[in-house]
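Dumped data21.cif below, it's mmCIF, C-alpha atoms:
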```cif
data_start
#
loop_
_atom_site.label_atom_id
_atom_site.label_comp_id
_atom_site.auth_asym_id
_atom_site.auth_seq_id
_atom_site.Cartn_x
_atom_site.Cartn_y
_atom_site.Cartn_z
CA MET G 19 169.40 -61.54 -0.61
CA ARG G 20 171.40 -58.35 -1.03
CA VAL G 21 170.32 -56.51 -4.18
CA GLU G 22 172.56 -54.14 -6.11
CA PRO G 23 171.37 -50.50 -6.20
CA PRO G 24 169.95 -49.25 -9.52
CA VAL G 25 172.17 -47.31 -11.92
CA PRO G 26 170.88 -43.84 -12.91
CA PRO G 27 169.00 -44.07 -16.24
CA ASP G 28 171.36 -41.78 -18.16
CA ALA G 29 174.46 -43.75 -17.11
CA LEU G 30 172.76 -47.07 -17.89
CA ALA G 31 171.68 -45.78 -21.30
CA ALA G 32 175.26 -44.77 -22.15
CA ILE G 33 176.50 -48.28 -21.31
CA ARG G 34 173.69 -49.83 -23.38
CA ASP G 35 174.49 -47.59 -26.33
CA ALA G 36 178.13 -48.67 -26.31
CA LEU G 37 177.13 -52.35 -26.58
CA SER G 38 174.43 -51.68 -29.18
CA ALA G 39 177.20 -51.04 -31.72
CA ALA G 40 177.42 -54.84 -32.03
CA GLY G 41 174.18 -54.81 -34.03
CA ALA G 42 172.98 -57.81 -32.02
CA THR G 43 169.53 -59.29 -31.45
CA ARG G 44 168.15 -58.72 -27.96
CA VAL G 45 167.45 -61.92 -26.04
CA ASP G 46 166.52 -63.04 -22.57
CA ALA G 47 167.41 -66.36 -20.94
CA PRO G 48 165.74 -68.54 -18.27
CA ILE G 49 166.66 -67.56 -14.73
CA LEU G 50 166.75 -71.23 -13.72
CA GLN G 51 169.72 -73.16 -15.09
CA PRO G 52 170.73 -76.83 -14.60
CA LEU G 53 172.97 -77.09 -11.56
CA ASN G 54 175.03 -80.07 -12.71
CA LEU G 55 175.96 -78.33 -15.93
CA LEU G 56 177.27 -75.26 -14.11
CA LEU G 57 179.25 -77.41 -11.66
CA ASP G 58 180.81 -79.36 -14.52
CA LEU G 59 181.95 -76.07 -16.04
CA ALA G 60 183.23 -74.45 -12.85
CA GLY G 61 183.90 -77.30 -10.42
CA GLU G 62 182.30 -78.20 -7.11
CA ALA G 63 183.90 -75.18 -5.44
CA MET G 64 181.39 -72.99 -7.30
CA ARG G 65 178.44 -74.64 -5.49
CA ALA G 66 178.89 -72.32 -2.50
CA ARG G 67 178.42 -69.34 -4.85
CA LEU G 68 175.17 -70.60 -6.40
CA PHE G 69 171.57 -70.27 -5.26
CA VAL G 70 170.30 -73.84 -5.57
CA VAL G 71 166.62 -74.74 -5.95
CA GLN G 72 164.90 -78.11 -6.33
CA ALA G 73 161.27 -79.06 -6.78
CA GLU G 74 160.16 -82.22 -4.98
CA GLY G 75 161.38 -85.15 -7.02
CA GLY G 76 163.00 -82.90 -9.62
CA GLU G 77 166.57 -82.24 -10.60
CA GLU G 78 168.55 -79.53 -8.88
CA ALA G 79 168.71 -76.16 -10.60
CA CYS G 80 170.26 -72.82 -9.75
CA LEU G 81 169.59 -69.17 -10.36
CA ARG G 82 171.73 -68.13 -13.30
CA PRO G 83 175.14 -66.90 -12.11
CA ASP G 84 175.71 -65.21 -15.47
CA PHE G 85 174.27 -65.21 -18.99
CA THR G 86 176.93 -66.82 -21.16
CA VAL G 87 175.94 -70.48 -20.73
CA ALA G 88 172.23 -69.63 -20.79
CA VAL G 89 172.51 -67.67 -24.05
CA ALA G 90 174.74 -70.34 -25.63
CA ARG G 91 172.17 -73.02 -24.79
CA GLN G 92 169.41 -70.95 -26.40
CA HIS G 93 171.53 -70.42 -29.49
CA ILE G 94 172.09 -74.17 -29.84
CA GLU G 95 168.41 -74.95 -29.28
CA GLY G 96 167.58 -72.54 -32.10
CA ALA G 97 169.68 -74.71 -34.43
CA GLY G 98 171.64 -71.69 -35.57
CA VAL G 99 175.29 -71.56 -36.53
CA ALA G 100 175.86 -67.80 -36.64
CA GLY G 101 174.27 -65.38 -34.21
CA ARG G 102 174.83 -62.08 -32.43
CA TYR G 103 172.95 -61.55 -29.17
CA ILE G 104 172.71 -58.76 -26.62
CA TYR G 105 171.10 -59.14 -23.20
CA GLU G 106 170.38 -57.34 -19.96
CA GLY G 107 169.03 -58.65 -16.69
CA PRO G 108 169.75 -59.88 -13.17
CA ALA G 109 172.28 -62.57 -12.27
CA PHE G 110 172.72 -64.20 -8.88
CA ARG G 111 175.75 -65.31 -6.88
CA SER G 112 175.88 -66.05 -3.19
CA GLN G 113 178.40 -64.06 -1.15
CA PRO G 114 178.88 -66.04 2.10
CA GLU G 115 181.39 -63.48 3.32
CA GLY G 116 181.26 -59.71 3.05
CA ASP G 117 178.42 -57.44 2.02
CA ARG G 118 178.59 -57.48 -1.78
CA PRO G 119 175.35 -57.67 -3.78
CA GLU G 120 174.05 -61.17 -4.49
CA GLU G 121 171.60 -60.04 -7.15
CA PHE G 122 173.14 -57.74 -9.73
CA VAL G 123 172.53 -56.53 -13.27
CA GLN G 124 174.60 -57.73 -16.21
CA LEU G 125 174.66 -56.42 -19.77
CA GLY G 126 176.50 -58.37 -22.42
CA VAL G 127 177.05 -59.48 -25.98
CA GLU G 128 177.72 -62.99 -27.32
CA LEU G 129 178.89 -63.67 -30.89
CA PHE G 130 178.61 -67.11 -32.54
CA ALA G 131 179.97 -68.08 -35.96
CA PRO G 132 180.95 -71.20 -37.93
CA ARG G 133 184.59 -72.20 -37.61
CA GLY G 134 186.69 -70.94 -40.46
CA GLY G 135 188.61 -67.78 -41.02
CA SER G 136 190.30 -65.85 -38.28
CA SER G 137 189.09 -65.46 -34.70
CA VAL G 138 191.24 -62.36 -34.23
CA GLU G 139 188.75 -59.82 -35.61
CA PRO G 140 185.78 -60.90 -33.46
CA ASP G 141 188.12 -61.12 -30.45
CA ALA G 142 189.14 -57.51 -30.96
CA GLU G 143 185.55 -56.44 -31.63
CA ILE G 144 184.22 -57.90 -28.40
CA ALA G 145 187.11 -56.61 -26.29
CA SER G 146 186.61 -53.14 -27.78
CA LEU G 147 182.88 -53.25 -27.02
CA ALA G 148 183.60 -54.22 -23.43
CA TRP G 149 186.11 -51.37 -23.08
CA ARG G 150 183.76 -48.75 -24.53
CA ALA G 151 180.85 -49.92 -22.39
CA ALA G 152 182.96 -49.86 -19.22
CA LEU G 153 184.30 -46.42 -20.11
CA ALA G 154 180.76 -45.13 -20.76
CA GLY G 155 180.01 -45.47 -17.05
CA GLY G 156 182.30 -42.52 -16.33
CA ARG G 157 185.23 -44.09 -14.48
CA GLN G 158 188.63 -42.69 -15.39
CA ASP G 159 190.80 -45.36 -13.73
CA LEU G 160 190.19 -48.31 -16.08
CA THR G 161 192.72 -50.77 -17.49
CA LEU G 162 192.14 -53.55 -20.01
CA TRP G 163 193.82 -56.79 -18.93
CA LEU G 164 194.39 -59.38 -21.66
CA GLY G 165 195.14 -63.09 -21.38
CA ASP G 166 195.02 -66.19 -23.55
CA VAL G 167 194.23 -69.74 -22.43
CA GLY G 168 195.12 -70.97 -25.93
CA LEU G 169 198.56 -69.40 -25.69
CA PHE G 170 199.15 -71.34 -22.47
CA ALA G 171 198.19 -74.56 -24.29
CA ALA G 172 200.66 -73.75 -27.07
CA PHE G 173 203.34 -73.00 -24.47
CA ILE G 174 202.71 -76.35 -22.74
CA ALA G 175 202.97 -78.11 -26.10
CA ALA G 176 206.32 -76.42 -26.70
CA LEU G 177 207.70 -77.91 -23.46
CA GLY G 178 207.47 -81.46 -24.83
CA LEU G 179 205.74 -82.92 -21.75
CA PRO G 180 204.32 -86.46 -21.55
CA GLU G 181 200.88 -86.55 -23.18
CA ALA G 182 198.88 -87.27 -20.00
CA LEU G 183 200.62 -84.50 -18.06
CA ALA G 184 200.24 -81.97 -20.88
CA ALA G 185 196.51 -82.76 -21.16
CA ARG G 186 196.11 -82.34 -17.41
CA LEU G 187 197.81 -78.94 -17.43
CA GLN G 188 195.81 -77.73 -20.41
CA ARG G 189 192.55 -78.66 -18.65
CA VAL G 190 193.42 -76.41 -15.69
CA ALA G 191 195.01 -73.64 -17.77
CA GLY G 192 192.44 -70.99 -16.88
CA ARG G 193 192.08 -71.99 -13.23
CA PRO G 194 195.10 -70.81 -11.21
CA ARG G 195 194.18 -72.72 -8.03
CA LEU G 196 194.20 -76.08 -9.81
CA LEU G 197 197.28 -75.19 -11.81
CA ASN G 198 199.16 -74.28 -8.64
CA ALA G 199 198.18 -77.64 -7.16
CA GLU G 200 199.79 -79.36 -10.15
CA LEU G 201 202.93 -77.27 -9.74
CA ALA G 202 203.07 -78.37 -6.11
CA ARG G 203 203.58 -81.98 -7.29
CA VAL G 204 207.02 -81.17 -8.74
CA GLY G 205 209.35 -84.14 -8.52
CA GLU G 206 206.77 -86.53 -7.04
CA PRO G 207 206.63 -90.05 -8.45
CA ALA G 208 203.48 -91.27 -10.16
CA THR G 209 201.03 -92.79 -7.66
CA ALA G 210 198.54 -95.60 -7.78
CA ALA G 211 195.27 -94.77 -9.48
CA SER G 212 193.06 -92.49 -7.40
CA GLY G 213 189.92 -94.41 -6.54
CA GLY G 214 191.71 -97.77 -6.37
CA GLN G 215 190.55 -100.79 -8.32
CA LEU G 216 187.32 -99.14 -9.51
CA ALA G 217 189.18 -96.31 -11.24
CA ALA G 218 191.60 -98.82 -12.73
CA LEU G 219 188.69 -100.85 -14.11
CA LEU G 220 187.09 -97.76 -15.66
CA SER G 221 190.34 -96.38 -17.06
CA GLY G 222 190.63 -96.93 -20.80
CA LEU G 223 186.89 -97.41 -21.37
CA SER G 224 184.72 -95.01 -23.32
CA GLN G 225 182.44 -92.81 -21.20
CA ALA G 226 179.41 -94.89 -22.23
CA GLN G 227 181.14 -98.17 -21.34
CA ALA G 228 182.42 -96.75 -18.04
CA ALA G 229 178.91 -95.53 -17.16
CA VAL G 230 177.41 -98.99 -17.76
CA MET G 231 180.08 -100.64 -15.59
CA LEU G 232 179.59 -98.09 -12.81
CA GLU G 233 175.82 -98.70 -12.83
CA GLU G 234 176.46 -102.44 -12.51
CA VAL G 235 178.76 -101.83 -9.52
CA TRP G 236 176.11 -99.64 -7.89
CA ALA G 237 173.46 -102.32 -8.43
CA LEU G 238 175.65 -105.06 -6.93
CA ALA G 239 176.49 -102.88 -3.93
CA GLY G 240 172.92 -101.66 -3.46
CA VAL G 241 174.05 -98.05 -3.85
CA GLU G 242 171.49 -95.37 -4.73
CA PRO G 243 173.29 -92.29 -6.15
CA VAL G 244 172.23 -88.87 -4.88
CA GLY G 245 172.91 -85.29 -5.92
CA GLY G 246 171.75 -85.55 -9.53
CA ARG G 247 175.03 -86.55 -11.20
CA GLY G 248 174.72 -89.37 -13.70
CA PRO G 249 176.98 -92.41 -13.92
CA GLY G 250 178.68 -91.07 -17.05
CA GLU G 251 179.75 -87.87 -15.30
CA ILE G 252 180.97 -89.69 -12.19
CA ALA G 253 182.87 -92.29 -14.24
CA ALA G 254 184.55 -89.59 -16.33
CA ARG G 255 185.71 -87.76 -13.19
CA LEU G 256 187.07 -90.95 -11.62
CA VAL G 257 189.03 -91.77 -14.77
CA ARG G 258 190.46 -88.23 -15.05
CA ARG G 259 191.60 -88.30 -11.43
CA ALA G 260 193.18 -91.73 -11.85
CA GLU G 261 195.01 -90.65 -15.01
CA ALA G 262 196.19 -87.43 -13.34
CA ALA G 263 197.55 -89.31 -10.34
CA ALA G 264 199.31 -91.86 -12.55
CA ALA G 265 200.87 -89.19 -14.80
CA PRO G 266 204.48 -88.18 -14.10
CA ALA G 267 204.99 -84.91 -12.25
CA LEU G 268 206.75 -81.87 -13.66
CA THR G 269 210.48 -81.53 -13.31
CA GLU G 270 211.90 -78.51 -11.50
CA ALA G 271 212.95 -76.93 -14.81
CA GLN G 272 209.52 -77.44 -16.39
CA ALA G 273 207.74 -76.06 -13.32
CA ALA G 274 210.04 -73.04 -13.26
CA ALA G 275 209.21 -72.30 -16.91
CA ILE G 276 205.46 -72.55 -16.22
CA ARG G 277 205.73 -70.32 -13.15
CA ALA G 278 207.63 -67.75 -15.19
CA PHE G 279 204.91 -67.87 -17.86
CA MET G 280 202.16 -67.46 -15.25
CA ALA G 281 204.00 -64.54 -13.68
CA ILE G 282 204.10 -62.45 -16.88
CA SER G 283 202.25 -59.19 -16.26
CA ASP G 284 203.44 -56.32 -18.41
CA THR G 285 202.55 -54.14 -21.34
CA PRO G 286 201.36 -56.29 -24.26
CA ALA G 287 204.55 -55.75 -26.25
CA ALA G 288 206.84 -56.65 -23.34
CA GLY G 289 204.63 -59.55 -22.30
CA LEU G 290 204.69 -61.11 -25.75
CA ARG G 291 208.48 -60.78 -25.85
CA ALA G 292 208.64 -62.63 -22.53
CA VAL G 293 206.49 -65.45 -23.92
CA ARG G 294 208.83 -65.74 -26.91
CA ALA G 295 211.89 -65.86 -24.67
CA LEU G 296 210.40 -68.66 -22.56
CA SER G 297 209.06 -70.70 -25.50
CA GLY G 298 211.81 -70.63 -28.07
CA LYS G 299 210.92 -71.51 -31.64
CA ALA G 300 207.74 -73.57 -31.98
CA PRO G 301 205.17 -73.40 -34.82
CA ALA G 302 202.20 -73.15 -32.46
CA ILE G 303 203.82 -70.31 -30.51
CA ASP G 304 204.77 -68.51 -33.73
CA ALA G 305 201.17 -68.63 -34.96
CA ALA G 306 199.73 -67.56 -31.60
CA LEU G 307 202.09 -64.59 -31.27
CA ALA G 308 201.40 -63.48 -34.85
CA ALA G 309 197.67 -63.53 -34.04
CA TRP G 310 198.36 -61.37 -30.99
CA ASP G 311 200.25 -58.83 -33.08
CA ARG G 312 197.17 -58.53 -35.31
CA ARG G 313 194.76 -58.45 -32.35
CA LEU G 314 196.65 -55.60 -30.72
CA SER G 315 196.70 -53.61 -33.94
CA LEU G 316 192.89 -53.82 -33.95
CA LEU G 317 192.76 -52.56 -30.36
CA ALA G 318 194.67 -49.40 -31.24
CA GLU G 319 191.82 -47.20 -29.95
CA ILE G 320 192.80 -48.20 -26.40
CA PRO G 321 195.85 -46.27 -25.10
CA ALA G 322 198.88 -48.52 -24.72
CA ASP G 323 199.36 -47.38 -21.13
CA ARG G 324 195.82 -48.59 -20.32
CA MET G 325 196.50 -52.19 -21.36
CA ARG G 326 198.23 -55.04 -19.54
CA PHE G 327 199.06 -58.54 -20.77
CA ALA G 328 198.90 -61.46 -18.33
CA PRO G 329 198.59 -64.63 -20.44
CA ALA G 330 197.52 -66.77 -17.45
CA LEU G 331 194.45 -64.57 -16.82
CA GLY G 332 191.50 -66.87 -16.17
CA HIS G 333 187.90 -66.74 -14.98
CA ALA G 334 185.77 -68.74 -12.55
CA PHE G 335 184.36 -70.89 -15.35
CA ASP G 336 186.83 -73.09 -17.19
CA TYR G 337 185.12 -73.05 -20.60
CA TYR G 338 187.34 -70.25 -21.92
CA ASP G 339 189.86 -71.64 -24.40
CA GLY G 340 191.30 -68.58 -26.14
CA LEU G 341 191.33 -64.85 -25.45
CA THR G 342 190.40 -63.81 -21.91
CA PHE G 343 190.09 -60.23 -20.72
CA GLU G 344 188.93 -58.01 -17.87
CA VAL G 345 188.38 -54.28 -17.62
CA ARG G 346 189.49 -53.36 -14.11
CA SER G 347 189.07 -50.23 -12.03
CA THR G 348 191.91 -49.22 -9.74
CA ALA G 349 189.35 -48.22 -7.11
CA LEU G 350 187.63 -51.63 -7.16
CA GLY G 351 190.70 -53.86 -7.37
CA ASP G 352 191.53 -57.04 -9.23
CA ASP G 353 188.70 -59.18 -7.88
CA ARG G 354 185.83 -56.90 -8.98
CA PRO G 355 186.16 -56.41 -12.74
CA VAL G 356 183.90 -53.88 -14.40
CA SER G 357 183.73 -56.06 -17.50
CA SER G 358 185.05 -59.47 -18.48
CA GLY G 359 184.83 -62.04 -21.25
CA GLY G 360 186.69 -64.05 -23.81
CA ARG G 361 186.61 -66.87 -26.34
CA TYR G 362 184.90 -70.17 -25.58
CA ASP G 363 184.71 -72.17 -28.81
CA GLY G 364 184.76 -75.54 -27.06
CA LEU G 365 181.77 -74.77 -24.83
CA LEU G 366 179.30 -75.12 -27.68
CA ALA G 367 180.28 -78.75 -28.29
CA ARG G 368 180.14 -79.45 -24.54
CA LEU G 369 176.56 -78.14 -24.57
CA GLY G 370 175.62 -80.40 -27.48
CA GLY G 371 176.17 -77.92 -30.30
CA ALA G 372 178.39 -78.02 -33.37
CA VAL G 373 182.01 -78.98 -32.84
CA ASP G 374 183.11 -76.61 -35.62
CA ALA G 375 181.62 -73.43 -34.12
CA ARG G 376 183.24 -70.32 -32.67
CA ALA G 377 182.05 -68.18 -29.77
CA VAL G 378 183.24 -65.06 -27.98
CA GLY G 379 181.46 -62.69 -25.62
CA CYS G 380 181.62 -60.11 -22.87
CA VAL G 381 179.64 -59.00 -19.85
CA VAL G 382 179.53 -55.59 -18.18
CA ARG G 383 178.50 -54.83 -14.60
CA PRO G 384 176.88 -51.36 -14.90
CA TRP G 385 176.93 -50.64 -11.16
CA ARG G 386 180.68 -51.14 -11.22
CA ALA G 387 181.10 -49.15 -14.43
CA PHE G 388 179.12 -46.19 -13.08
CA SER G 389 181.50 -43.64 -11.56
CA GLY G 390 179.11 -43.07 -8.67
CA GLY G 391 178.46 -46.76 -8.13
CA GLU G 392 180.31 -49.58 -6.38
CA ALA G 393 183.20 -48.41 -4.26
#
```

Write out the structure in this file as structure tokens.
Amino acid sequence: MRVEPPVPPDALAAIRDALSAAGATRVDAPILQPLNLLLDLAGEAMRARLFVVQAEGGEEACLRPDFTVAVARQHIEGAGVAGRYIYEGPAFRSQPEGDRPEEFVQLGVELFAPRGGSSVEPDAEIASLAWRAALAGGRQDLTLWLGDVGLFAAFIAALGLPEALAARLQRVAGRPRLLNAELARVGEPATAASGGQLAALLSGLSQAQAAVMLEEVWALAGVEPVGGRGPGEIAARLVRRAEAAAAPALTEAQAAAIRAFMAISDTPAAGLRAVRALSGKAPAIDAALAAWDRRLSLLAEIPADRMRFAPALGHAFDYYDGLTFEVRSTALGDDRPVSSGGRYDGLLARLGGAVDARAVGCVVRPWRAFSGGEA
């Protein structure tokens, strides 16, 4: 395993100090994380990037690819509603191609709060922390890129699409590869349910009912499932695929509007004007753009010429459902952010926590932030 070089103590201390302004409690998190959970959040394509381990007869696990899910799980297990946590430690991602480090250090902050009030202030706080920490490493070529998965959902709602199609698009909002696949279906007629009669039988059932039926089918067929996924997870995926295949495709005009939205990449002021021009008047869009005006006013410490707005900006994990951001270095390029993060309110419920909770966080890669580091 290729290990990232250490950052000089003074540079690492400066990055730590920038994040310590959050006034957060220091935590650690288990290095081993449940594999199935991570795959559900990122898709099977992420498996190739994970270091998978399995004890004889046990469930598959993986070395933590980052801290966000691990810290969120700990927060939920502690039965807390509000919490502010800071962490530092190694994360692990396989790099089948190239020579990038596979074990690397992450520092980060995660903020949890009960739902209620505005999310704008904590959004701005966490983005500011990420910017200051990245800047503390000494690089002078940094830019803060801002996006918003929630704004995409509001934009989709404004298009007046059929319910099944709108839900499908919103699920892949932060994952450009899957979204592009949906755009490629333009003009196609709805198809028969993916998975044939089995998917049709499961469609319309609750997840619990679908799981029971799937287990009965397995028993009748003498099938022994492998790979650790339960019947509920498999049934839910079959039903989603069947519903997606049966949903009508986008029209050319609708696809063109979505492509134009995804292509926005400009200063925040110009980018928000472009969103308005594409969306027209819609209450959800009005509210989202007003929130962005406030968010940007709170980010006034960051020079306007060092910010870009690309509302379709997404991350590898699809649990982000609001603000997304990356601090990028010109020298490192778009695919190696110095810092990244965003809002992931819905993740807490998916992990078994409160449905009325809010969460936002950031992670910094100190070896990338350090001016004498990754090149």

Item to complete: Considering only C-alpha atoms, return as a list in words whatever protein or nucleic-acid residues lie within 8 Å of Thr269 of chain G, sequence-local ones (same chain, fewer than 3 positions apart) excluded.
Response: Val204, Gly205, Gln272 and Ala273 of chain G

Worksheet entry | Spatial neighbours of Arg118 of chain G, max dist 10 Å, only C-alpha atoms, sep filter under 4 positions, as a list of chain:residue names | G:Arg20, G:Val21, G:Glu22, G:Arg111, G:Ser112, G:Gln113, G:Pro114, G:Phe122, G:Glu392

Item to complete: Starting from the displayed file, determine the output of the PyMOL selection byres ((chain G and resi 315-319) around 9) and express the residue list as a ChimeraX atom specification.
Response: /G:138-139,142-143,145-146,310-314,320-322

Discussion item. For a test of reading the model, state the distance in Å between atom CA of Ser38 of chain G and atom CA of Arg133 of chain G, rounded to one decimal.
Written reply: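 Separation between atom CA of Ser38 of chain G and atom CA of Arg133 of chain G: 24.4 Å.
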
Discussion item. Taking 6 positions as the minimum chain separation for residues in the same chain, which residues sit within 8 Å of segment 161-163 of chain G when counting only C-alpha atoms? Answer as a list in words.
Written reply: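 Close residues of segment 161-163 of chain G: Trp149, Arg324, Met325, Arg326, Phe327, Ala328, Phe343, Glu344, Val345, Arg346, Ser347 and Thr348 of chain G.
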
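Atom CA of Asp58 of chain G is positioned 20.6 Å from atom CA of Ala184 of chain G.
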
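Atom CA of Ser297 of chain G sits 13.0 Å away from atom CA of Ala271 of chain G.
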
Practice prompt. Rank nothing, just name the residue among G:Asp374, G:Pro180, G:Gly155, G:Arg67 nearest to Pro27 of chain G, using all atoms listed in the file.
Written response: G:Gly155

Worksheet item: Using all atoms listed in the file, which of G:Val71, G:Leu169, G:Ala131, G:Leu201 sits nearest Val99 of chain G?
Response: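 Answer, going by the shortest atom-to-atom distance: G:Ala131.
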